[in-house]
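Structure file data.cif (mmCIF, N, CA and C atoms) is printed below.
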data_input
loop_
_atom_site.label_atom_id
_atom_site.label_comp_id
_atom_site.auth_asym_id
_atom_site.auth_seq_id
_atom_site.Cartn_x
_atom_site.Cartn_y
_atom_site.Cartn_z
N MET A 499 -5.21 12.87 18.17
CA MET A 499 -5.85 13.59 17.09
C MET A 499 -4.90 14.73 16.67
N ASN A 500 -4.63 14.83 15.38
CA ASN A 500 -3.71 15.87 14.93
C ASN A 500 -4.43 17.21 14.74
N ARG A 501 -3.65 18.20 14.42
CA ARG A 501 -4.17 19.57 14.39
C ARG A 501 -5.22 19.77 13.29
N GLU A 502 -5.02 19.16 12.13
CA GLU A 502 -5.98 19.33 11.03
C GLU A 502 -7.35 18.80 11.41
N THR A 503 -7.38 17.64 12.06
CA THR A 503 -8.66 17.06 12.47
C THR A 503 -9.33 17.91 13.53
N GLN A 504 -8.54 18.47 14.44
CA GLN A 504 -9.11 19.34 15.47
C GLN A 504 -9.71 20.61 14.87
N VAL A 505 -9.05 21.19 13.87
CA VAL A 505 -9.57 22.39 13.22
C VAL A 505 -10.87 22.08 12.50
N VAL A 506 -10.93 20.95 11.80
CA VAL A 506 -12.16 20.56 11.11
C VAL A 506 -13.27 20.30 12.11
N LEU A 507 -12.97 19.64 13.21
CA LEU A 507 -13.97 19.33 14.22
C LEU A 507 -14.53 20.59 14.89
N VAL A 508 -13.66 21.51 15.28
CA VAL A 508 -14.11 22.73 15.94
C VAL A 508 -14.90 23.61 14.98
N SER A 509 -14.40 23.78 13.76
CA SER A 509 -15.13 24.62 12.80
C SER A 509 -16.47 23.99 12.42
N GLY A 510 -16.51 22.66 12.30
CA GLY A 510 -17.78 21.99 11.99
C GLY A 510 -18.78 22.11 13.12
N LEU A 511 -18.32 22.01 14.36
CA LEU A 511 -19.23 22.19 15.49
C LEU A 511 -19.74 23.63 15.57
N LEU A 512 -18.87 24.58 15.25
CA LEU A 512 -19.28 25.99 15.23
C LEU A 512 -20.35 26.24 14.16
N VAL A 513 -20.16 25.68 12.97
CA VAL A 513 -21.16 25.82 11.91
C VAL A 513 -22.46 25.14 12.30
N THR A 514 -22.36 23.97 12.94
CA THR A 514 -23.56 23.26 13.38
C THR A 514 -24.34 24.07 14.42
N CYS A 515 -23.62 24.70 15.36
CA CYS A 515 -24.29 25.53 16.37
C CYS A 515 -24.96 26.75 15.74
N ILE A 516 -24.30 27.37 14.77
CA ILE A 516 -24.89 28.54 14.10
C ILE A 516 -26.14 28.12 13.33
N LEU A 517 -26.07 26.97 12.64
CA LEU A 517 -27.23 26.50 11.88
C LEU A 517 -28.38 26.07 12.79
N TRP A 518 -28.08 25.72 14.02
CA TRP A 518 -29.12 25.29 14.96
C TRP A 518 -30.14 26.40 15.21
N PHE A 519 -29.67 27.65 15.20
CA PHE A 519 -30.57 28.79 15.44
C PHE A 519 -31.48 29.04 14.23
N PHE A 520 -31.06 28.67 13.04
CA PHE A 520 -31.87 28.89 11.85
C PHE A 520 -32.80 27.71 11.55
N SER A 521 -32.25 26.50 11.59
CA SER A 521 -33.04 25.32 11.27
C SER A 521 -32.42 24.10 11.94
N THR A 522 -33.27 23.35 12.60
CA THR A 522 -32.80 22.14 13.26
C THR A 522 -32.36 21.09 12.23
N TYR A 523 -33.08 21.03 11.12
CA TYR A 523 -32.75 20.06 10.09
C TYR A 523 -31.41 20.38 9.42
N ALA A 524 -31.16 21.66 9.16
CA ALA A 524 -29.88 22.05 8.56
C ALA A 524 -28.73 21.75 9.52
N ALA A 525 -28.96 21.94 10.82
CA ALA A 525 -27.92 21.63 11.81
C ALA A 525 -27.67 20.13 11.86
N ALA A 526 -28.74 19.33 11.78
CA ALA A 526 -28.57 17.88 11.80
C ALA A 526 -27.81 17.39 10.57
N ILE A 527 -28.12 17.97 9.40
CA ILE A 527 -27.41 17.60 8.17
C ILE A 527 -25.94 17.99 8.28
N ALA A 528 -25.67 19.19 8.80
CA ALA A 528 -24.28 19.63 8.96
C ALA A 528 -23.53 18.73 9.94
N PHE A 529 -24.20 18.27 11.00
CA PHE A 529 -23.56 17.40 11.97
C PHE A 529 -23.23 16.03 11.36
N VAL A 530 -24.14 15.49 10.56
CA VAL A 530 -23.87 14.20 9.90
C VAL A 530 -22.70 14.33 8.92
N VAL A 531 -22.66 15.43 8.18
CA VAL A 531 -21.55 15.65 7.25
C VAL A 531 -20.24 15.80 8.04
N LEU A 532 -20.29 16.49 9.16
CA LEU A 532 -19.10 16.66 10.00
C LEU A 532 -18.59 15.31 10.52
N VAL A 533 -19.48 14.45 10.97
CA VAL A 533 -19.08 13.13 11.46
C VAL A 533 -18.45 12.32 10.33
N ALA A 534 -19.01 12.38 9.14
CA ALA A 534 -18.44 11.65 8.00
C ALA A 534 -17.04 12.17 7.65
N ILE A 535 -16.84 13.46 7.68
CA ILE A 535 -15.52 14.03 7.36
C ILE A 535 -14.49 13.64 8.42
N VAL A 536 -14.87 13.72 9.70
CA VAL A 536 -13.93 13.37 10.76
C VAL A 536 -13.58 11.89 10.70
N MET A 537 -14.55 11.02 10.39
CA MET A 537 -14.25 9.60 10.26
C MET A 537 -13.33 9.33 9.07
N SER A 538 -13.52 10.05 7.97
CA SER A 538 -12.64 9.90 6.81
C SER A 538 -11.21 10.32 7.14
N LEU A 539 -11.06 11.41 7.89
CA LEU A 539 -9.73 11.85 8.29
C LEU A 539 -9.07 10.83 9.22
N ALA A 540 -9.85 10.22 10.11
CA ALA A 540 -9.29 9.19 11.00
C ALA A 540 -8.84 7.96 10.22
N ILE A 541 -9.60 7.57 9.22
CA ILE A 541 -9.21 6.43 8.39
C ILE A 541 -7.95 6.76 7.59
N MET A 542 -7.83 7.98 7.10
CA MET A 542 -6.64 8.38 6.36
C MET A 542 -5.40 8.36 7.24
N GLN A 543 -5.53 8.68 8.53
CA GLN A 543 -4.39 8.66 9.43
C GLN A 543 -3.90 7.23 9.65
N ASP A 544 -4.80 6.26 9.63
CA ASP A 544 -4.39 4.87 9.82
C ASP A 544 -3.55 4.34 8.66
N SER A 545 -3.76 4.88 7.47
CA SER A 545 -3.03 4.40 6.30
C SER A 545 -1.89 5.33 5.91
N ALA A 546 -1.35 6.08 6.86
CA ALA A 546 -0.33 7.08 6.54
C ALA A 546 1.05 6.46 6.32
N SER A 547 1.42 5.45 7.07
CA SER A 547 2.77 4.92 7.00
C SER A 547 2.73 3.43 6.67
N LEU A 548 2.34 3.11 5.43
CA LEU A 548 2.24 1.72 5.02
C LEU A 548 3.06 1.43 3.77
N PRO A 549 4.27 0.89 3.94
CA PRO A 549 5.00 0.43 2.76
C PRO A 549 4.43 -0.91 2.29
N ASP A 550 4.64 -1.23 1.05
CA ASP A 550 4.18 -2.49 0.49
C ASP A 550 5.23 -2.98 -0.49
N ILE A 551 5.85 -4.09 -0.18
CA ILE A 551 6.92 -4.60 -1.03
C ILE A 551 6.36 -5.69 -1.95
N VAL A 552 6.65 -5.58 -3.24
CA VAL A 552 6.17 -6.52 -4.26
C VAL A 552 7.38 -7.05 -5.01
N ALA A 553 7.38 -8.36 -5.29
CA ALA A 553 8.46 -8.98 -6.05
C ALA A 553 7.91 -9.52 -7.36
N ASP A 554 8.66 -9.31 -8.44
CA ASP A 554 8.31 -9.80 -9.77
C ASP A 554 9.57 -10.30 -10.45
N LEU A 555 9.40 -11.19 -11.41
CA LEU A 555 10.51 -11.60 -12.27
C LEU A 555 10.62 -10.63 -13.44
N ARG A 556 11.85 -10.37 -13.87
CA ARG A 556 12.05 -9.57 -15.07
C ARG A 556 11.59 -10.38 -16.27
N GLN A 557 11.35 -9.74 -17.39
CA GLN A 557 10.81 -10.42 -18.58
C GLN A 557 11.68 -11.58 -19.04
N ASP A 558 12.99 -11.45 -18.95
CA ASP A 558 13.87 -12.53 -19.39
C ASP A 558 14.15 -13.55 -18.28
N ALA A 559 13.53 -13.41 -17.13
CA ALA A 559 13.63 -14.33 -15.99
C ALA A 559 15.04 -14.47 -15.46
N LYS A 560 15.86 -13.44 -15.63
CA LYS A 560 17.23 -13.48 -15.11
C LYS A 560 17.42 -12.56 -13.91
N ALA A 561 16.33 -11.99 -13.39
CA ALA A 561 16.45 -11.09 -12.24
C ALA A 561 15.12 -11.01 -11.51
N VAL A 562 15.21 -10.71 -10.23
CA VAL A 562 14.03 -10.44 -9.41
C VAL A 562 13.98 -8.94 -9.17
N ILE A 563 12.82 -8.35 -9.44
CA ILE A 563 12.62 -6.91 -9.22
C ILE A 563 11.79 -6.74 -7.95
N VAL A 564 12.34 -6.02 -7.00
CA VAL A 564 11.67 -5.73 -5.74
C VAL A 564 11.23 -4.27 -5.79
N ARG A 565 9.91 -4.04 -5.69
CA ARG A 565 9.35 -2.69 -5.78
C ARG A 565 8.61 -2.33 -4.50
N ASN A 566 8.50 -1.03 -4.23
CA ASN A 566 7.73 -0.52 -3.10
C ASN A 566 6.64 0.41 -3.62
N PRO A 567 5.45 -0.11 -3.94
CA PRO A 567 4.36 0.76 -4.39
C PRO A 567 3.59 1.42 -3.25
N GLY A 568 4.06 1.24 -2.03
CA GLY A 568 3.37 1.81 -0.86
C GLY A 568 3.58 3.31 -0.77
N ASN A 569 3.14 3.88 0.36
CA ASN A 569 3.23 5.33 0.54
C ASN A 569 4.25 5.74 1.59
N ALA A 570 5.15 4.83 2.00
CA ALA A 570 6.19 5.14 2.98
C ALA A 570 7.43 4.32 2.66
N ASP A 571 8.54 4.71 3.26
CA ASP A 571 9.78 3.97 3.07
C ASP A 571 9.73 2.63 3.80
N ALA A 572 10.29 1.61 3.19
CA ALA A 572 10.42 0.29 3.82
C ALA A 572 11.86 0.14 4.30
N ARG A 573 12.01 -0.39 5.50
CA ARG A 573 13.34 -0.53 6.10
C ARG A 573 13.61 -2.00 6.42
N ASN A 574 14.89 -2.35 6.52
CA ASN A 574 15.33 -3.69 6.91
C ASN A 574 14.63 -4.77 6.08
N ILE A 575 14.77 -4.68 4.78
CA ILE A 575 14.12 -5.62 3.87
C ILE A 575 15.00 -6.86 3.73
N HIS A 576 14.39 -8.02 3.93
CA HIS A 576 15.08 -9.30 3.77
C HIS A 576 14.28 -10.13 2.76
N VAL A 577 14.94 -10.54 1.69
CA VAL A 577 14.30 -11.32 0.63
C VAL A 577 14.96 -12.70 0.60
N ALA A 578 14.13 -13.74 0.68
CA ALA A 578 14.63 -15.11 0.59
C ALA A 578 13.95 -15.79 -0.60
N LEU A 579 14.74 -16.34 -1.49
CA LEU A 579 14.23 -17.08 -2.65
C LEU A 579 14.34 -18.56 -2.30
N VAL A 580 13.20 -19.18 -2.04
CA VAL A 580 13.13 -20.44 -1.29
C VAL A 580 13.85 -21.62 -1.95
N PRO A 581 13.49 -22.09 -3.14
CA PRO A 581 14.20 -23.30 -3.59
C PRO A 581 15.63 -23.03 -4.05
N LEU A 582 15.96 -21.79 -4.31
CA LEU A 582 17.30 -21.47 -4.82
C LEU A 582 18.32 -21.24 -3.71
N ASN A 583 17.85 -21.14 -2.47
CA ASN A 583 18.72 -20.89 -1.33
C ASN A 583 19.52 -19.59 -1.50
N ILE A 584 18.83 -18.55 -1.98
CA ILE A 584 19.44 -17.24 -2.15
C ILE A 584 18.73 -16.26 -1.23
N GLU A 585 19.52 -15.50 -0.48
CA GLU A 585 18.97 -14.48 0.40
C GLU A 585 19.76 -13.20 0.19
N PHE A 586 19.05 -12.06 0.26
CA PHE A 586 19.72 -10.77 0.22
C PHE A 586 18.94 -9.77 1.05
N ASP A 587 19.66 -8.75 1.51
CA ASP A 587 19.08 -7.72 2.36
C ASP A 587 19.20 -6.36 1.70
N LEU A 588 18.22 -5.51 1.95
CA LEU A 588 18.25 -4.12 1.51
C LEU A 588 18.06 -3.25 2.75
N PRO A 589 18.88 -2.22 2.93
CA PRO A 589 18.70 -1.38 4.12
C PRO A 589 17.39 -0.60 4.07
N SER A 590 17.04 -0.07 2.92
CA SER A 590 15.77 0.66 2.79
C SER A 590 15.40 0.77 1.32
N LEU A 591 14.11 1.00 1.10
CA LEU A 591 13.59 1.20 -0.26
C LEU A 591 12.53 2.29 -0.17
N PRO A 592 12.76 3.42 -0.84
CA PRO A 592 11.80 4.52 -0.73
C PRO A 592 10.48 4.19 -1.42
N ALA A 593 9.46 4.97 -1.14
CA ALA A 593 8.16 4.80 -1.79
C ALA A 593 8.34 4.98 -3.29
N ASP A 594 7.72 4.10 -4.06
CA ASP A 594 7.80 4.06 -5.52
C ASP A 594 9.22 3.77 -6.02
N GLY A 595 10.05 3.20 -5.18
CA GLY A 595 11.40 2.82 -5.58
C GLY A 595 11.45 1.35 -5.95
N SER A 596 12.53 0.96 -6.62
CA SER A 596 12.68 -0.44 -7.00
C SER A 596 14.15 -0.83 -6.92
N TYR A 597 14.38 -2.14 -6.82
CA TYR A 597 15.72 -2.70 -6.77
C TYR A 597 15.70 -3.99 -7.58
N GLU A 598 16.77 -4.25 -8.31
CA GLU A 598 16.85 -5.43 -9.16
C GLU A 598 18.02 -6.30 -8.72
N TYR A 599 17.72 -7.56 -8.43
CA TYR A 599 18.75 -8.54 -8.05
C TYR A 599 18.91 -9.51 -9.22
N ALA A 600 20.07 -9.47 -9.86
CA ALA A 600 20.31 -10.27 -11.07
C ALA A 600 20.89 -11.64 -10.74
N PHE A 601 20.51 -12.67 -11.53
CA PHE A 601 21.05 -14.01 -11.44
C PHE A 601 21.96 -14.25 -12.63
N GLY A 602 22.68 -15.33 -12.59
CA GLY A 602 23.51 -15.70 -13.74
C GLY A 602 22.75 -16.49 -14.78
N THR A 603 21.68 -17.17 -14.36
CA THR A 603 20.90 -18.00 -15.27
C THR A 603 19.43 -17.64 -15.17
N MET A 604 18.64 -18.25 -16.05
CA MET A 604 17.19 -18.03 -16.01
C MET A 604 16.57 -18.84 -14.88
N ILE A 605 15.47 -18.31 -14.36
CA ILE A 605 14.77 -18.94 -13.26
C ILE A 605 13.43 -19.45 -13.76
N GLY A 606 13.08 -20.71 -13.44
CA GLY A 606 11.78 -21.26 -13.84
C GLY A 606 10.69 -20.84 -12.87
N GLU A 607 10.73 -21.36 -11.66
CA GLU A 607 9.76 -21.00 -10.63
C GLU A 607 10.49 -20.80 -9.32
N VAL A 608 10.06 -19.83 -8.57
CA VAL A 608 10.67 -19.53 -7.29
C VAL A 608 9.63 -18.87 -6.39
N LYS A 609 9.78 -19.06 -5.11
CA LYS A 609 8.91 -18.40 -4.13
C LYS A 609 9.75 -17.37 -3.41
N ALA A 610 9.30 -16.13 -3.42
CA ALA A 610 10.01 -15.05 -2.74
C ALA A 610 9.29 -14.73 -1.43
N VAL A 611 10.01 -14.85 -0.32
CA VAL A 611 9.48 -14.51 0.99
C VAL A 611 10.19 -13.24 1.45
N ILE A 612 9.40 -12.20 1.71
CA ILE A 612 9.95 -10.88 2.00
C ILE A 612 9.48 -10.43 3.38
N THR A 613 10.42 -9.99 4.20
CA THR A 613 10.08 -9.37 5.48
C THR A 613 10.65 -7.96 5.48
N PHE A 614 9.88 -7.01 6.04
CA PHE A 614 10.31 -5.62 6.07
C PHE A 614 9.62 -4.89 7.21
N GLU A 615 10.06 -3.66 7.48
CA GLU A 615 9.50 -2.83 8.53
C GLU A 615 9.17 -1.46 7.96
N ASN A 616 8.25 -0.76 8.63
CA ASN A 616 7.99 0.64 8.26
C ASN A 616 8.81 1.55 9.17
N ASP A 617 8.58 2.85 9.09
CA ASP A 617 9.35 3.82 9.88
C ASP A 617 9.11 3.66 11.38
N LYS A 618 7.94 3.17 11.76
CA LYS A 618 7.61 3.00 13.17
C LYS A 618 8.17 1.71 13.76
N GLY A 619 8.67 0.83 12.93
CA GLY A 619 9.22 -0.43 13.39
C GLY A 619 8.25 -1.60 13.34
N ASP A 620 7.07 -1.40 12.77
CA ASP A 620 6.10 -2.48 12.62
C ASP A 620 6.58 -3.44 11.52
N GLY A 621 6.54 -4.73 11.80
CA GLY A 621 7.02 -5.72 10.84
C GLY A 621 5.92 -6.25 9.94
N PHE A 622 6.28 -6.57 8.70
CA PHE A 622 5.37 -7.11 7.71
C PHE A 622 6.05 -8.27 7.00
N THR A 623 5.25 -9.21 6.50
CA THR A 623 5.76 -10.34 5.73
C THR A 623 4.88 -10.54 4.50
N ARG A 624 5.52 -10.75 3.37
CA ARG A 624 4.81 -11.04 2.13
C ARG A 624 5.50 -12.23 1.45
N SER A 625 4.73 -13.02 0.72
CA SER A 625 5.33 -14.09 -0.07
C SER A 625 4.66 -14.10 -1.45
N TYR A 626 5.47 -14.36 -2.47
CA TYR A 626 5.00 -14.32 -3.85
C TYR A 626 5.53 -15.53 -4.60
N GLN A 627 4.65 -16.19 -5.38
CA GLN A 627 5.05 -17.25 -6.30
C GLN A 627 5.45 -16.58 -7.61
N LEU A 628 6.69 -16.71 -7.99
CA LEU A 628 7.19 -16.11 -9.22
C LEU A 628 7.45 -17.22 -10.23
N SER A 629 6.94 -17.05 -11.44
CA SER A 629 7.10 -18.06 -12.47
C SER A 629 7.36 -17.37 -13.80
N SER A 630 8.28 -17.95 -14.56
CA SER A 630 8.57 -17.38 -15.88
C SER A 630 7.59 -17.87 -16.93
N SER A 631 6.89 -18.97 -16.68
CA SER A 631 5.97 -19.52 -17.67
C SER A 631 4.54 -19.02 -17.52
N LYS A 632 4.16 -18.57 -16.34
CA LYS A 632 2.79 -18.09 -16.10
C LYS A 632 2.71 -16.58 -16.27
N GLU A 633 1.50 -16.12 -16.61
CA GLU A 633 1.29 -14.67 -16.69
C GLU A 633 1.34 -14.06 -15.31
N PRO A 634 1.90 -12.86 -15.18
CA PRO A 634 1.87 -12.21 -13.87
C PRO A 634 0.44 -11.81 -13.50
N PHE A 635 0.19 -11.68 -12.23
CA PHE A 635 -1.14 -11.32 -11.74
C PHE A 635 -1.50 -9.91 -12.19
N GLU A 636 -2.67 -9.77 -12.79
CA GLU A 636 -3.17 -8.47 -13.25
C GLU A 636 -4.43 -8.15 -12.47
N PRO A 637 -4.36 -7.23 -11.49
CA PRO A 637 -5.53 -6.97 -10.65
C PRO A 637 -6.68 -6.29 -11.37
N LEU A 638 -6.43 -5.65 -12.49
CA LEU A 638 -7.49 -4.94 -13.20
C LEU A 638 -8.11 -5.75 -14.33
N LYS A 639 -7.66 -6.97 -14.51
CA LYS A 639 -8.21 -7.80 -15.58
C LYS A 639 -9.62 -8.24 -15.19
N PRO A 640 -10.59 -8.03 -16.08
CA PRO A 640 -11.95 -8.44 -15.76
C PRO A 640 -12.11 -9.95 -15.80
N MET A 641 -13.02 -10.47 -14.96
CA MET A 641 -13.26 -11.91 -14.95
C MET A 641 -13.92 -12.36 -16.25
N ILE A 642 -14.86 -11.58 -16.74
CA ILE A 642 -15.56 -11.89 -17.99
C ILE A 642 -15.36 -10.68 -18.90
N PRO A 643 -14.35 -10.72 -19.76
CA PRO A 643 -14.12 -9.56 -20.63
C PRO A 643 -15.17 -9.47 -21.73
N LEU A 644 -15.94 -8.39 -21.70
CA LEU A 644 -16.95 -8.17 -22.73
C LEU A 644 -16.34 -7.56 -23.99
N PHE A 645 -15.31 -6.77 -23.80
CA PHE A 645 -14.64 -6.12 -24.92
C PHE A 645 -13.20 -6.61 -24.93
N HIS A 646 -12.40 -6.12 -25.86
CA HIS A 646 -11.01 -6.54 -25.96
C HIS A 646 -10.25 -6.11 -24.72
N TRP A 647 -9.47 -7.03 -24.16
CA TRP A 647 -8.65 -6.73 -22.99
C TRP A 647 -7.29 -6.28 -23.47
N LYS A 648 -6.93 -5.08 -23.16
CA LYS A 648 -5.69 -4.41 -23.57
C LYS A 648 -5.67 -4.35 -25.03
#
What does the file become when written as structure tokens?
Amino acid sequence: MNRETQVVLVSGLLVTCILWFFSTYAAAIAFVVLVAIVMSLAIMQDSASLPDIVADLRQDAKAVIVRNPGNADARNIHVALVPLNIEFDLPSLPADGSYEYAFGTMIGEVKAVITFENDKGDGFTRSYQLSSSKEPFEPLKPMIPLFHWK
């Protein structure tokens, strides 16, 4: 448990004890709020060092763009483009950083398999189907658009 969580826990218990003398119900409400805050802080600590590597094709399909939309640096990145037999390595990619690997010709369809590590040395693997003819995945697109989309 880090120092911030300990300070919140001790101060919350102190407030709960003080409220206990005035009203049992107010102390119980303060204790429930304290438990919710401490659980939220614990969940936030679990997601502190998570890089996320995403691969996309450039609009003209002549390059692969490797991005890190995560919240930590990614290390030892290895990208393999499966049917093209192309592999390349990146030593690191900072959070919100990107790298572009250019080809000589246009690419129709390719599968990108990416392996990387975070600062702690935990390994991750991602794979993406990249196609120049299909629309890229849009996570915010509604299933049933009631109004104009974009």
Result set of the PyMOL selection byres ((chain A and resi 625-630) around 7) on the coordinates above, as number ranges by chain: A: 553-555, 559, 605-612, 623-624, 631-633
Selection: 7 Å around Leu517 of chain A, all atoms listed in the file, excl. self and same-chain fewer than 6 positions, as an MDAnalysis selection string: chainID A and resid 524:526
Neighbours of Ile575 of chain A within 6.5 Å (all atoms listed in the file; same-chain residues fewer than 2 positions away dropped), as a PDB file with N, CA and C atoms, in the coordinates of the input?
ATOM      1  N   ALA A 572      10.290   1.610   3.190  1.00  0.00           N
ATOM      2  CA  ALA A 572      10.420   0.290   3.820  1.00  0.00           C
ATOM      3  C   ALA A 572      11.860   0.140   4.300  1.00  0.00           C
ATOM      4  N   ARG A 573      12.010  -0.390   5.500  1.00  0.00           N
ATOM      5  CA  ARG A 573      13.340  -0.530   6.100  1.00  0.00           C
ATOM      6  C   ARG A 573      13.610  -2.000   6.420  1.00  0.00           C
ATOM      7  N   VAL A 577      14.940 -10.540   1.690  1.00  0.00           N
ATOM      8  CA  VAL A 577      14.300 -11.320   0.630  1.00  0.00           C
ATOM      9  C   VAL A 577      14.960 -12.700   0.600  1.00  0.00           C
ATOM     10  N   PHE A 586      19.050 -12.060   0.260  1.00  0.00           N
ATOM     11  CA  PHE A 586      19.720 -10.770   0.220  1.00  0.00           C
ATOM     12  C   PHE A 586      18.940  -9.770   1.050  1.00  0.00           C
ATOM     13  N   ASP A 587      19.660  -8.750   1.510  1.00  0.00           N
ATOM     14  CA  ASP A 587      19.080  -7.720   2.360  1.00  0.00           C
ATOM     15  C   ASP A 587      19.200  -6.360   1.700  1.00  0.00           C
ATOM     16  N   LEU A 588      18.220  -5.510   1.950  1.00  0.00           N
ATOM     17  CA  LEU A 588      18.250  -4.120   1.510  1.00  0.00           C
ATOM     18  C   LEU A 588      18.060  -3.250   2.750  1.00  0.00           C
ATOM     19  N   PRO A 589      18.880  -2.220   2.930  1.00  0.00           N
ATOM     20  CA  PRO A 589      18.700  -1.380   4.120  1.00  0.00           C
ATOM     21  C   PRO A 589      17.390  -0.600   4.070  1.00  0.00           C
ATOM     22  N   SER A 590      17.040  -0.070   2.920  1.00  0.00           N
ATOM     23  CA  SER A 590      15.770   0.660   2.790  1.00  0.00           C
ATOM     24  C   SER A 590      15.400   0.770   1.320  1.00  0.00           C
ATOM     25  N   THR A 613      10.420  -9.990   4.200  1.00  0.00           N
ATOM     26  CA  THR A 613      10.080  -9.370   5.480  1.00  0.00           C
ATOM     27  C   THR A 613      10.650  -7.960   5.480  1.00  0.00           C
ATOM     28  N   PHE A 614       9.880  -7.010   6.040  1.00  0.00           N
ATOM     29  CA  PHE A 614      10.310  -5.620   6.070  1.00  0.00           C
ATOM     30  C   PHE A 614       9.620  -4.890   7.210  1.00  0.00           C
ATOM     31  N   GLU A 615      10.060  -3.660   7.480  1.00  0.00           N
ATOM     32  CA  GLU A 615       9.500  -2.830   8.530  1.00  0.00           C
ATOM     33  C   GLU A 615       9.170  -1.460   7.960  1.00  0.00           C
TER      34      GLU A 615
END
For segment 562-564 of chain A: contacts at 7 Å, all atoms listed in the file, fewer than 5 positions along chain excluded, given as an MDAnalysis selection string: chainID A and resid 551:556 595:601
Residue subset to file, keeping N, CA and C atoms, as a CSV table (one decimal), in the coordinates of the input:
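File written: part_20.csv
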chain,number,residue,atom,x,y,z
A,551,ILE,N,5.8,-4.1,-0.2
A,551,ILE,CA,6.9,-4.6,-1.0
A,551,ILE,C,6.4,-5.7,-2.0
A,552,VAL,N,6.6,-5.6,-3.2
A,552,VAL,CA,6.2,-6.5,-4.3
A,552,VAL,C,7.4,-7.0,-5.0
A,553,ALA,N,7.4,-8.4,-5.3
A,553,ALA,CA,8.5,-9.0,-6.0
A,553,ALA,C,7.9,-9.5,-7.4
A,554,ASP,N,8.7,-9.3,-8.4
A,554,ASP,CA,8.3,-9.8,-9.8
A,554,ASP,C,9.6,-10.3,-10.4
A,555,LEU,N,9.4,-11.2,-11.4
A,555,LEU,CA,10.5,-11.6,-12.3
A,555,LEU,C,10.6,-10.6,-13.4
A,556,ARG,N,11.8,-10.4,-13.9
A,556,ARG,CA,12.0,-9.6,-15.1
A,556,ARG,C,11.6,-10.4,-16.3
A,595,GLY,N,10.0,3.2,-5.2
A,595,GLY,CA,11.4,2.8,-5.6
A,595,GLY,C,11.4,1.4,-6.0
A,596,SER,N,12.5,1.0,-6.6
A,596,SER,CA,12.7,-0.4,-7.0
A,596,SER,C,14.2,-0.8,-6.9
A,597,TYR,N,14.4,-2.1,-6.8
A,597,TYR,CA,15.7,-2.7,-6.8
A,597,TYR,C,15.7,-4.0,-7.6
A,598,GLU,N,16.8,-4.2,-8.3
A,598,GLU,CA,16.8,-5.4,-9.2
A,598,GLU,C,18.0,-6.3,-8.7
A,599,TYR,N,17.7,-7.6,-8.4
A,599,TYR,CA,18.8,-8.5,-8.0
A,599,TYR,C,18.9,-9.5,-9.2
A,600,ALA,N,20.1,-9.5,-9.9
A,600,ALA,CA,20.3,-10.3,-11.1
A,600,ALA,C,20.9,-11.6,-10.7
A,601,PHE,N,20.5,-12.7,-11.5
A,601,PHE,CA,21.0,-14.0,-11.4
A,601,PHE,C,22.0,-14.2,-12.6
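Counting only C-alpha atoms and comparing A:Phe529, A:Gln504, A:Leu591, A:Leu548, the residue that lies closest to Ile516 of chain A is A:Phe529.
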Atomic separation - atom N of Asn500 of chain A relative to atom CA of Gln543 of chain A, Å: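 So the two atoms, atom CA of Gln543 of chain A and atom N of Asn500 of chain A, lie 8.6 Å apart.
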Secondary structure check, strand (DSSP E) residues of segment 574-635 of chain A, as a PyMOL selection string: chain A and resi 574-579+584-591+596-600+607-615+621-629
Between atom C of Ser538 of chain A and atom C of Ala593 of chain A - distance in Å to one decimal: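 About the pair atom C of Ala593 of chain A and atom C of Ser538 of chain A: they are 22.8 Å apart.
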DSSP alpha helix (DSSP H) residues within chain A, as a PyMOL selection string: chain A and resi 501-520+522-544
Pick from A:Ser547, A:Thr514, A:Thr503, A:Ser521 nearest to Gly568 of chain A, counting all atoms listed in the file: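 Of the candidates, the smallest distance to Gly568 of chain A is held by A:Ser547.
Between atom CA of Val530 of chain A and atom C of Asp544 of chain A lies a distance of 22.6 Å.
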Closest of A:Gly621, A:Asn569, A:Leu582, A:Asp594 to Ala546 of chain A - atom-to-atom distances counting only C-alpha atoms: A:Asn569
Distance criterion (only C-alpha atoms): nearest to Glu502 of chain A out of A:Met641, A:Ile527, A:Ala540, A:Cys515: A:Ala540
Selected residue of minimal separation from Pro549 of chain A among A:Ala534, A:Val506, A:Ala561, A:Ala570, counting only N, CA and C atoms: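 For Pro549 of chain A, the nearest of the given residues is A:Ala570.
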